[in-house]
Every structure is written in C-alpha cells, then in structure tokens.
Amino acid sequence: MAFENPLIVFAIGLIAVIALLVWLRLPAVLGLVIAGLIVGIATAEVPLGDVPSELAVGLGETFEGVGIPILMAAIIGKAMMESGAAERIVRAFQSRLREERSYLALWGSSTALSIPVFFDNVFFLLTPLARSMRARTGRDYALYIAVIGAGAATTHVLVPPTPGPLAVSLELGADLLWTMIVGATVAIPTAIVSGILYGKWINRRLDDIPLRETVGSTAEDAHELAERETSALPGVFEAALPILLAVVLVASNTTLEYLLDLAGEGVFGLGALEGPLEAAQPAAAFVGDPNFALTAAALVAALTYLRIRNLDRDVWNDELVEALKSGGHIAAITSAGGAFGALLAASGIGDYIVELISVGGAGISVLVSAWVIAAAIRIAQGSATVAMITTAGIMAPQVPELGVSAVYLALIIGAGGNICSWFNDSGFWLIKEIGGLTEAETVKIWTVLTTIISVTAFIIIIALATVIPNVPA
C-alpha cells in the first residue's frame, strides 16, 4: 500500500531501519537496502516498478562522492597505523602538550582542516591519530572522536569557503568576508561546547570503548606501536606528509575558487588577476579534487609503510589489498545509508516540511523559522548539504524584505542543517565504521554531538543578531 503523506512514509522508514538494524541486528548494508526498499514501496511518489532502480541510483550517487576517498582513506589509515606514522605524530603532540590535554591537538587540527578540506576527509585523516592516542593512553577514545567530529562539523557548516556555507552565502547574497568572521566567531565556542565539554561528559560514560579492528588495523597492532622506540618510527614530517599533502592539494582548489569569486567582484584589487586565475583553475580542480588528493596521499602513506617496515613487495601488496577490502565494506555501508536517505527524499518529505512550516514574520522570527526548516529537512532526509541548500533557496527571494542580515541567515541555516545525524545520513555510517564504533556508541557520541552543535550555534547566532543586528549583508 502506497501513501501520499510523506510523514507516514518517514515513520515507516524510521520503524523499518530500527527494526532491521537494532532489533534484528542485520548487517548494516543489508538492513539499509531493505529499509530503502520498504520506503520506496510505501511512497506513492515512486512507481513500484522503479523502486529498485531508484535505490540503486541513490546508492550509486552516494558512492560516486565517497567511494574513491573512502578506499584511499583505508590505505592511508592502514599505512599510517602500521608504519607508526600516526604514533609518531601523537608523540609529537604529547611532547608539546601534557598527555591529559593532547586531545586539544586533535580538536584544533580538525577545526582548521575542515575549512579547506571536506568534513569526511578530515575524519579519514585524523582517526588514525585518535586510535594511536587511545592505544597509548588506554582511555578517552570517545573524547578523541568527539573533538575531531565537533571541530570538523562546526566549520563544515558555518565557515566559508567550506562548500556548504559558501553555497548558502552566495545564494543569499551574504558578504563572504563577514560570513567567515562571524562564522568563526560562532564556530569556536560551539566546538568547545560540543567537542570538549560534551566530549568529556560522554567520555566518562563510555570510557571502556575498546579499539576494534577497522580499515585493516587491529587493536594489537596499535598497542604494539605504542610501545615501539621512537627511533623505529618515521620522522615527524614524513609521518605527517599524507595529511599535509591532502590538505594542500584540496586547499589549492578551494582557495583558487574563493579568489576567483573575489576577483569577479573586484574585491581587494584582484580583478586584474581574474585571467591568470581562470587559466590555473583546470589544474587546481584536478589536483584539488578529493579523489586525486586522497589517492596521492594514499600513495605517499603506502610508500612510507613499505620503507619503514621493509616489506617484501608481494606482502606489501597483500596488506594494501586487505585495507581496500575493509574500505570497500565501509563504502558499501555509507552508500547504502545514502540510498536509504535518497528514497526518503524521493517521498517528497522535504517539500512537505517546507509547506508545513510558515516562514512569515521578520527579524529574529525569520532566523528561528530558517533554523526549524533546515533542521526538519535534515532529520527527515539525512543530508546536511541538501537541507542547507533547500532552505537557502526558500529564503533567498525574500531576503530584502526579511529584516535580518543575510550573514546571520546563512549561518543559522548551516546550524539547522547540522542537527541530528542518524541512520539516514551516510556520514553517520562513515563515523561508525572508520571509528570502529557500534551503532549505539555512534548515536551517543555523534548523533547527540551534531544536535548539540546545532542548538548551541542557534543560541549564539540569535544572541549576536539581538545585540549586533546590523552586520553587513
């Protein structure tokens, strides 16, 4: 029986995914695919005969975006763990910070890296460090995951030129420089509250999370490396090179695109550079694409692994293949989560929520409405980017009459779009699998953390808009 009301379809999907994954404990890929089929059957918006192909398209579109980066991240994770590169970076952190405060290095790194580098890539790159820190200290793994996630997620939705907030700012006509300044002002305390304060709170309740095997790295390997002499590990620069390379390559494209936008507007006298920047764009787009950048980083990490461990080439090849097998499983789970979210989106839940919620009013009430719309769309269909872009499209035509700065509007849309990452978000499954967590642990750490980020940012933005309403748009 097919239903016209998307809320009924959403409820059916929610019950299905909980029943299959939590109660029956099916493998995640199988459970998510079945849940997606159930949603497709339940909605009148997708013809019954098209449901399997729509599911496949949703899975394929998600894999298109994450497939190669996840596979390459599996190699990076395996190589950095097995070569001791991650351990060497952790020791460098701890030589500058007291051991009990070394989590601050992960927090600062993730906050900064997420501006030029996509959120998921930041998590790929920093998780091996979190695992090494857990092996070395024997505690605080939930805190390490929380600070990485909070640092990256806040800038991911609040600070241009990160793609999501950049797109929303351009759609609303918000001043990019002021959006960056105010976005960073909101992001830093938000990351402190969600990552450090909540991270410490949940860590006290989940302090016994073990190191599980993930992306080809076992707990035994991690503990063995924690005891290895520093002289047997790579140097700090060689150890950090895969991370640095990926960041520089991706940042080159992000920075060039931002400079082109400024040059097109004649800002800072950059108009004269528009031609050379346009000429460099194809090369920057090539090397800065995450598919290329993470492939290059994976090659560098793999060569360090080969050199440090002095492996036979056949053994080295077999080890990398094992990492790719783990990465393939993670990519499959992430893509299945994206397919489930795509079927929910196809039911029309986003448009239904938009019609359900009135945008009327002006000033602060507009900010509240924008946050509610973005949050509702995010919860319903899973994608933060879709929620942000959809909400920006709704609000953009009305910006001149709304009586509120477009800067605050862009930021509060980002805050709403970040709320409650759960089973229909491919990012939820990425955090679970890369981090080696259970579903329950991921909900307690990641789902709650994204909600705290959203609510905290909302409160700060409303306060700023009340005290300083006239930020240039």
# chains A, B, ... in the order shown; residues from 1 in each chain; ligands from 1

call {"tool": "select_by_dssp", "arguments": {"residues": "region 314-459 of chain A", "states": "alpha helix (DSSP H)", "output": "number ranges by chain"}}
result
A: 314-346, 349-356, 364-381, 384-395, 406-417, 426-435, 439-442, 448-459

call {"tool": "write_last_selection", "arguments": {"atoms": "C-alpha atoms", "output": "mmCIF file, in the first residue's frame"}}
result
data_model
loop_
_atom_site.group_PDB
_atom_site.id
_atom_site.type_symbol
_atom_site.label_atom_id
_atom_site.label_comp_id
_atom_site.auth_asym_id
_atom_site.auth_seq_id
_atom_site.Cartn_x
_atom_site.Cartn_y
_atom_site.Cartn_z
ATOM 1 C CA ASP A 314 54.102 -9.102 -2.541
ATOM 2 C CA VAL A 315 53.421 -8.840 1.197
ATOM 3 C CA TRP A 316 53.056 -5.066 0.858
ATOM 4 C CA ASN A 317 50.598 -5.552 -1.994
ATOM 5 C CA ASP A 318 48.573 -8.065 0.021
ATOM 6 C CA GLU A 319 48.428 -5.696 3.008
ATOM 7 C CA LEU A 320 47.117 -2.853 0.839
ATOM 8 C CA VAL A 321 44.516 -5.157 -0.717
ATOM 9 C CA GLU A 322 43.305 -6.082 2.768
ATOM 10 C CA ALA A 323 42.919 -2.398 3.555
ATOM 11 C CA LEU A 324 40.922 -1.929 0.355
ATOM 12 C CA LYS A 325 38.624 -4.795 1.344
ATOM 13 C CA SER A 326 37.867 -3.024 4.630
ATOM 14 C CA GLY A 327 37.417 0.253 2.773
ATOM 15 C CA GLY A 328 35.041 -1.377 0.302
ATOM 16 C CA HIS A 329 32.830 -2.568 3.143
ATOM 17 C CA ILE A 330 32.770 0.914 4.662
ATOM 18 C CA ALA A 331 31.976 2.465 1.274
ATOM 19 C CA ALA A 332 29.128 -0.021 0.802
ATOM 20 C CA ILE A 333 27.602 0.817 4.193
ATOM 21 C CA THR A 334 27.963 4.554 3.627
ATOM 22 C CA SER A 335 26.401 4.296 0.157
ATOM 23 C CA ALA A 336 23.532 2.155 1.456
ATOM 24 C CA GLY A 337 22.838 4.835 4.066
ATOM 25 C CA GLY A 338 22.799 7.406 1.286
ATOM 26 C CA ALA A 339 20.390 5.267 -0.741
ATOM 27 C CA PHE A 340 18.007 4.978 2.208
ATOM 28 C CA GLY A 341 18.096 8.772 2.600
ATOM 29 C CA ALA A 342 17.524 9.212 -1.152
ATOM 30 C CA LEU A 343 14.320 7.141 -1.043
ATOM 31 C CA LEU A 344 13.080 9.211 1.893
ATOM 32 C CA ALA A 345 13.852 12.364 -0.097
ATOM 33 C CA ALA A 346 12.001 10.942 -3.121
ATOM 34 C CA ILE A 349 9.343 14.850 2.700
ATOM 35 C CA GLY A 350 11.441 17.987 2.133
ATOM 36 C CA ASP A 351 8.771 19.853 0.162
ATOM 37 C CA TYR A 352 6.124 18.694 2.619
ATOM 38 C CA ILE A 353 8.044 20.144 5.558
ATOM 39 C CA VAL A 354 8.578 23.412 3.697
ATOM 40 C CA GLU A 355 4.831 23.765 3.124
ATOM 41 C CA LEU A 356 4.078 22.755 6.702
ATOM 42 C CA ILE A 364 14.557 37.127 14.857
ATOM 43 C CA SER A 365 11.439 35.126 13.963
ATOM 44 C CA VAL A 366 12.855 34.657 10.465
ATOM 45 C CA LEU A 367 16.046 33.188 11.899
ATOM 46 C CA VAL A 368 14.038 30.798 14.060
ATOM 47 C CA SER A 369 11.927 29.747 11.056
ATOM 48 C CA ALA A 370 15.014 29.184 8.880
ATOM 49 C CA TRP A 371 16.650 27.028 11.560
ATOM 50 C CA VAL A 372 13.488 24.960 12.051
ATOM 51 C CA ILE A 373 13.069 24.368 8.307
ATOM 52 C CA ALA A 374 16.721 23.343 7.820
ATOM 53 C CA ALA A 375 16.641 21.109 10.911
ATOM 54 C CA ALA A 376 13.407 19.392 9.886
ATOM 55 C CA ILE A 377 14.652 18.708 6.351
ATOM 56 C CA ARG A 378 17.964 17.380 7.707
ATOM 57 C CA ILE A 379 16.281 14.989 10.144
ATOM 58 C CA ALA A 380 13.844 13.795 7.507
ATOM 59 C CA GLN A 381 16.184 13.044 4.611
ATOM 60 C CA ALA A 384 23.044 18.417 5.760
ATOM 61 C CA THR A 385 24.016 19.906 2.392
ATOM 62 C CA VAL A 386 20.570 19.252 0.892
ATOM 63 C CA ALA A 387 18.903 20.758 3.962
ATOM 64 C CA MET A 388 21.090 23.876 3.762
ATOM 65 C CA ILE A 389 20.715 24.428 0.009
ATOM 66 C CA THR A 390 16.959 23.762 0.096
ATOM 67 C CA THR A 391 16.381 26.195 2.943
ATOM 68 C CA ALA A 392 18.584 28.848 1.321
ATOM 69 C CA GLY A 393 16.557 28.518 -1.883
ATOM 70 C CA ILE A 394 13.350 29.095 0.081
ATOM 71 C CA MET A 395 14.652 32.162 1.912
ATOM 72 C CA ALA A 406 21.897 37.686 5.282
ATOM 73 C CA VAL A 407 25.057 36.745 7.211
ATOM 74 C CA TYR A 408 23.063 35.586 10.234
ATOM 75 C CA LEU A 409 20.539 33.880 7.961
ATOM 76 C CA ALA A 410 23.269 31.897 6.183
ATOM 77 C CA LEU A 411 24.817 30.821 9.478
ATOM 78 C CA ILE A 412 21.579 29.782 11.152
ATOM 79 C CA ILE A 413 20.652 27.701 8.098
ATOM 80 C CA GLY A 414 24.002 25.923 8.466
ATOM 81 C CA ALA A 415 23.320 25.353 12.162
ATOM 82 C CA GLY A 416 19.892 23.862 11.465
ATOM 83 C CA GLY A 417 21.219 21.641 8.690
ATOM 84 C CA SER A 426 25.706 8.464 5.100
ATOM 85 C CA GLY A 427 28.006 10.421 7.425
ATOM 86 C CA PHE A 428 26.635 8.517 10.430
ATOM 87 C CA TRP A 429 27.834 5.239 8.935
ATOM 88 C CA LEU A 430 31.172 6.735 7.966
ATOM 89 C CA ILE A 431 31.807 7.810 11.578
ATOM 90 C CA LYS A 432 30.723 4.402 12.871
ATOM 91 C CA GLU A 433 32.870 2.333 10.525
ATOM 92 C CA ILE A 434 36.010 4.469 10.347
ATOM 93 C CA GLY A 435 35.913 4.993 14.114
ATOM 94 C CA GLU A 439 25.525 1.834 16.364
ATOM 95 C CA ALA A 440 24.663 2.665 19.979
ATOM 96 C CA GLU A 441 28.054 4.299 20.588
ATOM 97 C CA THR A 442 27.719 6.322 17.380
ATOM 98 C CA VAL A 448 23.958 13.810 20.162
ATOM 99 C CA LEU A 449 27.065 15.836 19.300
ATOM 100 C CA THR A 450 25.619 17.103 15.988
ATOM 101 C CA THR A 451 22.442 18.094 17.818
ATOM 102 C CA ILE A 452 24.418 19.998 20.451
ATOM 103 C CA ILE A 453 26.334 21.772 17.679
ATOM 104 C CA SER A 454 23.078 22.822 16.037
ATOM 105 C CA VAL A 455 21.390 24.062 19.205
ATOM 106 C CA THR A 456 24.497 25.818 20.571
ATOM 107 C CA ALA A 457 25.141 27.614 17.282
ATOM 108 C CA PHE A 458 21.465 28.603 17.137
ATOM 109 C CA ILE A 459 21.634 30.198 20.599
#

call {"tool": "atom_distance", "arguments": {"atom1": "CA of Ala153 (chain A)", "atom2": "CA of Ser252 (chain A)"}}
result
20.9 Å

call {"tool": "closest_residue", "arguments": {"among": "A:Leu206, A:Leu259, A:Val467, A:Ile41", "to": "Glu278 (chain A)", "atoms": "only C-alpha atoms"}}
result
A:Leu259

call {"tool": "closest_residue", "arguments": {"among": "A:Asp50, A:Asp175, A:Glu64, A:Glu45", "to": "Val471 (chain A)", "atoms": "only C-alpha atoms"}}
result
A:Asp175

call {"tool": "residues_around", "arguments": {"residues": "Arg309 (chain A)", "least_positions_apart": "6", "cutoff": "10 Å", "atoms": "only C-alpha atoms", "output": "VMD selection string"}}
result
chain A and resid 82 to 84 232 to 233 303 316

call {"tool": "write_last_selection", "arguments": {"atoms": "all heavy atoms", "output": "CSV table (one decimal), in the first residue's frame"}}
result
chain,number,residue,atom,x,y,z
A,82,GLU,N,50.2,1.1,10.6
A,82,GLU,CA,51.2,0.0,10.6
A,82,GLU,C,52.6,0.5,10.5
A,82,GLU,O,53.6,-0.1,11.0
A,82,GLU,CB,50.9,-0.9,9.4
A,82,GLU,CG,49.6,-1.6,9.5
A,82,GLU,CD,49.6,-2.7,10.6
A,82,GLU,OE1,50.7,-3.2,10.9
A,82,GLU,OE2,48.5,-3.0,11.0
A,83,SER,N,52.8,1.7,9.8
A,83,SER,CA,54.2,2.2,9.7
A,83,SER,C,54.6,2.9,11.0
A,83,SER,O,55.8,3.2,11.2
A,83,SER,CB,54.3,3.2,8.5
A,83,SER,OG,53.5,4.4,8.8
A,84,GLY,N,53.7,3.3,11.8
A,84,GLY,CA,54.0,4.0,13.0
A,84,GLY,C,53.9,5.5,12.8
A,84,GLY,O,54.2,6.3,13.7
A,232,ALA,N,62.5,3.9,15.8
A,232,ALA,CA,62.0,2.9,14.8
A,232,ALA,C,60.8,3.4,14.1
A,232,ALA,O,60.2,2.7,13.2
A,232,ALA,CB,61.6,1.6,15.5
A,233,LEU,N,60.4,4.7,14.3
A,233,LEU,CA,59.2,5.3,13.7
A,233,LEU,C,59.7,6.3,12.6
A,233,LEU,O,60.8,6.8,12.7
A,233,LEU,CB,58.3,6.0,14.7
A,233,LEU,CG,57.8,5.1,15.9
A,233,LEU,CD1,57.1,6.0,16.9
A,233,LEU,CD2,56.9,4.0,15.4
A,303,LEU,N,54.0,4.2,0.6
A,303,LEU,CA,55.5,4.1,0.4
A,303,LEU,C,56.2,4.3,1.7
A,303,LEU,O,57.3,3.6,1.9
A,303,LEU,CB,55.9,5.2,-0.6
A,303,LEU,CG,55.5,5.0,-2.1
A,303,LEU,CD1,55.8,6.2,-2.9
A,303,LEU,CD2,56.1,3.7,-2.6
A,316,TRP,N,53.5,-6.4,0.9
A,316,TRP,CA,53.1,-5.1,0.9
A,316,TRP,C,51.8,-5.0,0.0
A,316,TRP,O,50.8,-4.4,0.5
A,316,TRP,CB,54.1,-4.2,0.3
A,316,TRP,CG,53.8,-2.7,0.2
A,316,TRP,CD1,53.5,-1.9,1.2
A,316,TRP,CD2,53.8,-1.9,-1.0
A,316,TRP,NE1,53.3,-0.6,0.7
A,316,TRP,CE2,53.5,-0.6,-0.6
A,316,TRP,CE3,54.1,-2.2,-2.3
A,316,TRP,CZ2,53.4,0.5,-1.5
A,316,TRP,CZ3,54.0,-1.1,-3.3
A,316,TRP,CH2,53.7,0.2,-2.9

call {"tool": "atom_distance", "arguments": {"atom1": "CA of Pro6 (chain A)", "atom2": "CA of Thr43 (chain A)"}}
result
7.2 Å

call {"tool": "closest_residue", "arguments": {"among": "A:Leu249, A:Ala112, A:Val404, A:Leu106", "to": "His156 (chain A)", "atoms": "only C-alpha atoms"}}
result
A:Ala112

call {"tool": "residues_around", "arguments": {"residues": "Ser102 (chain A)", "least_positions_apart": "4", "cutoff": "10 Å", "atoms": "only C-alpha atoms", "output": "number ranges by chain"}}
result
A: 90-98, 106-107, 133, 144

call {"tool": "residues_around", "arguments": {"residues": "Ala279 (chain A)", "least_positions_apart": "6", "cutoff": "12 Å", "atoms": "only C-alpha atoms", "output": "PyMOL selection string"}}
result
chain A and resi 256-257+260+273+285

call {"tool": "write_last_selection", "arguments": {"atoms": "all heavy atoms", "output": "compact mmCIF listing (two decimals), in the first residue's frame"}}
result
# COMPACT_ATOMS: atom_id res chain seq x y z
N LEU A 256 41.63 28.82 -4.73
CA LEU A 256 41.56 29.43 -6.06
C LEU A 256 40.12 29.81 -6.40
O LEU A 256 39.86 30.89 -6.96
CB LEU A 256 42.11 28.46 -7.12
CG LEU A 256 42.21 29.04 -8.54
CD1 LEU A 256 43.24 30.15 -8.58
CD2 LEU A 256 42.56 27.96 -9.54
N GLU A 257 39.17 28.94 -6.08
CA GLU A 257 37.76 29.26 -6.35
C GLU A 257 37.32 30.49 -5.56
O GLU A 257 36.58 31.34 -6.08
CB GLU A 257 36.88 28.06 -6.00
CG GLU A 257 37.02 26.90 -6.97
CD GLU A 257 36.13 25.72 -6.59
OE1 GLU A 257 35.59 25.74 -5.47
OE2 GLU A 257 35.99 24.81 -7.41
N LEU A 260 38.81 33.55 -7.16
CA LEU A 260 38.09 33.87 -8.39
C LEU A 260 36.79 34.62 -8.10
O LEU A 260 36.43 35.57 -8.82
CB LEU A 260 37.78 32.59 -9.19
CG LEU A 260 38.82 32.15 -10.21
CD1 LEU A 260 38.47 30.77 -10.77
CD2 LEU A 260 38.90 33.17 -11.35
N LEU A 273 43.77 39.93 -11.68
CA LEU A 273 44.26 38.54 -11.64
C LEU A 273 43.22 37.54 -12.13
O LEU A 273 43.51 36.33 -12.11
CB LEU A 273 44.67 38.18 -10.20
CG LEU A 273 45.82 38.97 -9.60
CD1 LEU A 273 46.04 38.54 -8.15
CD2 LEU A 273 47.09 38.79 -10.42
N ALA A 285 41.59 22.36 -10.12
CA ALA A 285 40.42 21.50 -9.95
C ALA A 285 40.82 20.03 -10.01
O ALA A 285 40.25 19.19 -9.29
CB ALA A 285 39.38 21.80 -11.02

call {"tool": "residues_around", "arguments": {"residues": "Asn203 (chain A)", "least_positions_apart": "2", "cutoff": "9 Å", "atoms": "only C-alpha atoms", "output": "ChimeraX atom specification"}}
result
/A:139-144,146,198-201,205-208,445
